[in-house]
Each structure stands twice: as structure tokens, then as C-alpha cells.
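Scroll down for the structure; my scribbles are underneath it.
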Amino acid sequence: MATSSLQTYGTAPGAISPKRLAESLRLNDVQWDDGSGALIWHEAAGKLGSLFAQLGEDAPYLLTGADFSVRGTVGYGGGEFTVRAGVVIAAGPGGKLYRLALADGILKSITPGFGSAAAPALSADGRWVLYVHSLDGIDCLAVVAADGTQWPQKLLEGTDFVMQPAWHPSGEYAACVTWNHPNMPWDGTELRLLRLSGGQPTAIETHTIAGGEAIAVNSPAFSPDGRWLAYISDESGWNQIMLYEMATGQQRPFTSGELDHGVPCWVQGIRTFAWMPDSSGLVYVRHQEGVCTLWRQRLDERLPWQVPTGIYTEIHQPSLSPDGELVAFIGSSSTQPPRIVSLPVDDRPLALLTPAEDSVTLVTSQPTGSIRIHRRAGMENLPPKRLSAARSIKWAGPDGDPVYGLYYPPAGAFAAEDAPPLVVIVHGGPTSQVRTGWEAAAQYFATQGYAVLYPNHRGSTGYGRAYMRKLDGRWGVVDVEDSVGGAQYLVEEGLADASKLVIMGGSAGGYTVLQSLVTQPGFFRAGICLYGISDLFALQMETHKFEAHYNDRLFGPLPAASEIYRARSPLFHAERIIDPVLFLHGEDDPVVPINQAEGLYASLQRRGVPTEFHRYAGEGHGFRGAETIEHVYTSISRFLLRHVIYR
């Protein structure tokens, strides 16, 4: 990087500061009430989750107070609330479910305070609530009276995990997704259909209607008229929407093509489609090579209609208004921080496109001015031209097949610099994906002169099941190869300085950071490890239930695979690490305990390898506190200036 940039590094006009990062909101879900027409959403600031409501043109108002945090507490969370006919059911303090009527705003607990609760679903008549309950590591599908006057009852148990309960509009059926160890929810799950009795619901019959050990299904949703049950299945090799006809039991695909209509279910409550109120069709999200688009399709039509979404290339949690005329979602792009927006679902055809013989589409016309913004997450005081727009790239992996990623060039005052320093940020999971939505870390580094690469290494989702399965048995190998390969590709293209390469990641991404430093010493000039893994044996013994057998597929089951675990545990090969490492870890992390950082840090200290270790009281897996986030990015900047930029 040029001397002029070194002199002003990190202080250029428009650079995002650590404080700005810390002040941003997290927007998690948005739903329309079919009774009042109010829009309800969940947002989080620091460790506090809150519900807001907006009716018509009125200003939004807070439904929950500062002493009441709304959060699903099963597994990684999610499934915070549901709303129907003016009644909100929310997961709140003490692992309880709470009822809140929009008319009076009074909160009332409807379940006792033991275990964890998430993903509430209200019956059409408003009398009953389905939800996922977990106690002492045992999950079940439970039901409770919506007014809290009866003790909760179990409807379904006996599987390791339960997710995404849904009511049939008649109240005679319910559906949910279940799976067992060693599978993860993207490996193989079952869609269970329950026939219920009258009165307080009990399960008379239970059938598995889709999925299996090697087929992942999720997101069941009954049509408002009760005729259909829609769900996501990857049986074709891609996540497609399927339709199950209740009367006949016949099933058929609703979508097709080499693209995804679903995402891996790391948390409860994920939605990628919504039924039209008259049951005539669906509005759904497509994911293709990191870009989201919104579509509408009727059941009696072969052709989907694209709904223009303006600048938004990342779309979460779509929800349709009671009259079906508007769709709300959480939208962002690589240069636009998240917002809650709504826009019309327009039927007017604009053009006929034929990108492939089996995927003819109709595009609808819609003025972008009709998009309404309900909530902004923050950091909107920087114009897009001073930010970095993500570029989809791909390069050849060692096997010759393509590897995918997103590249962010330096932004603002640094945009014209040649061969900038590069931060390779490895996503978590490792079965995850980075798309062209808002990535605050990317903009933080780009506005300070760095280029950024997010590799969607082999094993990532979003590119078909076969691509995801390339990580099986090879974690710690292919993710490292693809992180190094992506950086080398950018160096060869003149888009990164080979002498100033950095690798950074959290959780599974932190493991890839450490493995890269072990197996490729000297390639990266520094590593930033946020709550990463160093000892696979300890992780297997100490991690939480959700991922207790994750490693069985990624490395192999113990004890048979013990040699692989030792060979790929960075702690046992610490002597190979020669590059500076910054460790950042929460003291209360139940997923990757802090001892994963302590041992390796001590080893590097003893050998004199430049290293720092910052531990954060009260923080778990991922950082939520504003002070923590500000300190994390301040520490990263200082570490990189010392060991990479001014080296």
C-alpha cells in the first residue's frame, strides 16, 4: 500500500469506527398480524431483545420494556414470537412463553419457568399454542392453552431435536420437523404430521411424510384453506419448495432449478416463503450464488413472477399482509445496512425471460418508490459510494472445480490504491454461507483501506447438496485450501498484496484460522481468532447438545477417527505457528469453551510468537455487548497495524 495511505491509515474520512459497529441493531424477524394489520418485529440491541409494533402510518411503538428480553432459548435461539388476531406469543425471561394482547399491552406468562422455549405457533381459533420445549437436553413438541389456564402437555417426543411447529387451520393437524444425532438439520430430517384429538390437543396418529436420514426437510406451513402443506426439501440436490396435498397424500415440487429456496436451519423460526392469504400461491425467496431475489407464483401457473425489491439483495423472513397486497421482510445489500421494509406484490407482467428451458419466468413491474422503510438497523450516514460493493468471484480449487467467494475492494479514500492488504474472513458453521447482504466487518475493514475476501469454501451451503458434502471428513483441509487459494487468486489478479495477507474467523471460522496458520506458516502475516477451536477432543467432550455429533461427519466418529482428530487439532501442532495471533473469546461460551483459546495462547507465549488474548466476561458464543464489540474491533485494528501494516 502506498506511503500516503500508511500515514492516514484508519483515519480517512468516512472510515467506520468500532463505536459505530457497536451501536447497530440486529433485526431478527418481522410478521404481519392478520387481525389488526399491525406489523410486528423483533430487534436486539446488545443483549436485549425487544418487540415493536406499527399500525398503518402510525409511528412504531415498543411492546416490551427494558427489563424484559424477548429471545428463543432452544439451541442457538430463534423463534422469538408469533402473532395472530391481535395476540402476540413471545419467548421471554425464565424460559417461559408470554401472551401479549396488542389492545392492552399487558404481558402474562402462559408456561411455567423451567427449561427453554421457542418457536410458538398460535392455532387459528386462538385457543392453543404449539411450541418447542427443551429440558435437561430432552426436546419435545408441546402445547399449552393460549390464556395460560392449563398446564402444558407433550405432543411429540422421542427424537433428539424438534423444530418449526405449524398448525393446520382446522386445528385437527399439526406438523413439525424432527431429527436425531449424529445428523445436523441440513443432513437429514423428517417432516412429521400429527393428527390431533378435540378438546385439549393430544396426538392420535403421527406419520413421517417426507425427509429421511439423507434428505433434509424444513419449514412446514399449511395453506390458509388447509388443502396443502408446503415445505422445503433438498432431495433433488437443491432446496426446493414441495407441496403435500392433505386429502390424497400426493406430493409434487413447486419450484425447480439449480438454486436454493431454503437455508440451513441453525436456529428456530426461519422462513423463506409465505402463503398468499387466499391460498392461491406462494411468495418465496431464491438464493443463487450469494444473491437473493423475491418471487411470486400461483398454484395453477407454471411460471414464477419476480417481485422487484430495489436495492435489496439479501432478503430474510418474508411475511405477507392480511390482504396479500404487501410483503414485508428484512432487507439489505453489501452497501445497505439491514432495514425492515414492505412493498407491493404486483401482478402486472413486464417482460418474459427464458434463461433456461425449464425456468421461464415473468418479471413484474413495480416502482421502487413504493418501498416503505419501517426500521433501520443503523450506520446509514455513509453514502453507498463511500462503501465497498461486494463482487462475486470464483477460482479453481485443487480438484479443478470452482470455489466461490465475495470480494470487497478498499473503499472511499483508499479505493484507488494498488495491491491493498487483504483480510480473508472465514464464515462460521462451517456449514454456512456468506451472501451479498450487509457485512459490517467487511465495510469496517474496506473503509480503512483493506480488501476483504469471504470464501464460501467447499462445504458451504447455497451451491447445492453435493458442494456442501465436499467438507465431509475433510474439515481442516478443504476450508484451508480454499481460504489460501482465494487469497492467492486475488494476489495473482493484482487485487491483494502478498506481503499483507490476514486471515480472520469466528467459531468454525476461527478453527480454519488456526489450521491455516499451522499448515501454511508464513502465508498469512497474522491470524485473528474469535472464539475458535484448537482442541477437537476437548470440543467433542464439552460442546452443547446441538453440535455434540457434528464432528462425526466432518472428521469421523470417535474413537475410530482419533488419529484424524489429533492430526487436525491446532493445539497439538502449536510449534508450527510462527505468525502473530490475536485471540478474542467470551468467558461464558457454551459452544466453544474458553479453554480452547487458553491452551494455545499459553503455548505461543512460551515460544515467543507475537500474540494477544482478550477475554470478555458475560459474553457467550458471539459478542453482543456494545462495549465488547467496540473493544474487539479496536483491538483488531491495533493488532493489524502493529504486525501487518507497519511490519
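Residues in the C-alpha cells are named by chain (A, B, ... in the order shown) and by number from 1 within that chain; ligands are numbered from 1 in the order shown.
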What's around stretch 98-113 of chain A at 8 Å? Count only C-alpha atoms, leave out sequence neighbours fewer than 3 positions away in its own chain, and write the answer as a PyMOL selection string.
chain A and resi 63+86-92+94-95+144-149+151-152
Export of prior selection with N, CA and C atoms as a compact mmCIF listing (two decimals), in the first residue's frame:
```txt
# COMPACT_ATOMS: atom_id res chain seq x y z
N LEU A 63 -43.34 -2.73 22.40
CA LEU A 63 -44.28 -3.61 23.08
C LEU A 63 -43.73 -4.16 24.39
N GLY A 86 -54.39 -10.22 16.75
CA GLY A 86 -54.13 -9.23 17.79
C GLY A 86 -53.46 -9.76 19.04
N VAL A 87 -52.98 -11.00 19.00
CA VAL A 87 -52.32 -11.60 20.16
C VAL A 87 -50.90 -12.01 19.78
N VAL A 88 -49.93 -11.59 20.59
CA VAL A 88 -48.54 -11.98 20.40
C VAL A 88 -48.18 -13.02 21.45
N ILE A 89 -47.54 -14.10 21.03
CA ILE A 89 -46.95 -15.07 21.95
C ILE A 89 -45.44 -14.98 21.77
N ALA A 90 -44.72 -14.74 22.86
CA ALA A 90 -43.28 -14.48 22.77
C ALA A 90 -42.52 -15.33 23.77
N ALA A 91 -41.31 -15.72 23.39
CA ALA A 91 -40.39 -16.40 24.31
C ALA A 91 -39.64 -15.33 25.09
N GLY A 92 -39.70 -15.45 26.42
CA GLY A 92 -39.12 -14.41 27.25
C GLY A 92 -38.31 -14.93 28.41
N GLY A 94 -36.73 -16.49 31.80
CA GLY A 94 -37.03 -17.69 32.56
C GLY A 94 -37.42 -18.88 31.71
N GLY A 95 -37.19 -18.82 30.40
CA GLY A 95 -37.57 -19.91 29.53
C GLY A 95 -39.06 -20.04 29.34
N VAL A 144 -49.89 -25.70 24.83
CA VAL A 144 -50.38 -25.05 26.03
C VAL A 144 -51.56 -24.15 25.65
N ALA A 145 -52.46 -23.95 26.58
CA ALA A 145 -53.57 -23.04 26.35
C ALA A 145 -53.04 -21.62 26.18
N ALA A 146 -53.57 -20.91 25.20
CA ALA A 146 -53.05 -19.57 24.89
C ALA A 146 -53.30 -18.58 26.01
N ASP A 147 -54.26 -18.86 26.89
CA ASP A 147 -54.51 -17.96 28.02
C ASP A 147 -53.78 -18.40 29.29
N GLY A 148 -53.02 -19.48 29.19
CA GLY A 148 -52.22 -19.93 30.33
C GLY A 148 -52.99 -20.61 31.43
N THR A 149 -54.23 -21.02 31.19
CA THR A 149 -55.07 -21.60 32.24
C THR A 149 -54.86 -23.10 32.42
N TRP A 151 -51.97 -26.56 32.25
CA TRP A 151 -50.57 -26.97 32.27
C TRP A 151 -50.16 -27.46 30.88
N PRO A 152 -48.95 -27.14 30.41
CA PRO A 152 -48.51 -27.62 29.10
C PRO A 152 -48.47 -29.14 29.03
```
Residues within 7 Å of A:Leu25, only C-alpha atoms, excluding chain neighbours under 4 positions, as JSON, numbers by chain
{"A": [43, 44, 45, 377, 378]}
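Distances here use only C-alpha atoms; by that measure, the residue among A:Ala496, A:Ser483, A:Val345, A:Cys292 closest to A:Trp305 is A:Val345.
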Which residues are close to A:Gly506, i.e. within 12 Å by only C-alpha atoms, leaving aside same-chain residues fewer than 3 positions away? Reply as a PyMOL selection string.
chain A and resi 424-430+441+503+509-514+527-533+582-586+591-592+597+621-623
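Nearest to A:Ile340 of all the residues A:Asp29, A:Glu493, A:Glu80, A:Asp139 is A:Asp29, based on only C-alpha atoms.
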DSSP alpha helix (DSSP H) selection over stretch 295-446 of chain A, as a ChimeraX atom specification:
/A:440-446
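Closest approach to A:Asp579 from the set A:Thr611, A:Gln605, A:Thr461, A:Gln317 is made by A:Thr611, with distances taken over only C-alpha atoms.
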Point out the residue among A:Ser321, A:Arg296, A:Ala602, A:Gly46 with the least atom-to-atom distance to A:Glu23, counting only C-alpha atoms.
A:Gly46
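For A:Pro93, the non-local neighbours within 7 Å, defined as residues at least 3 positions apart in the same chain or in other chains and counting only C-alpha atoms, are A:Phe68, A:Ser69, A:Lys96.
Atom pair atom CA of A:Gln150 / atom CA of A:Thr73 has a distance of 22.2 Å (rounded to one decimal).
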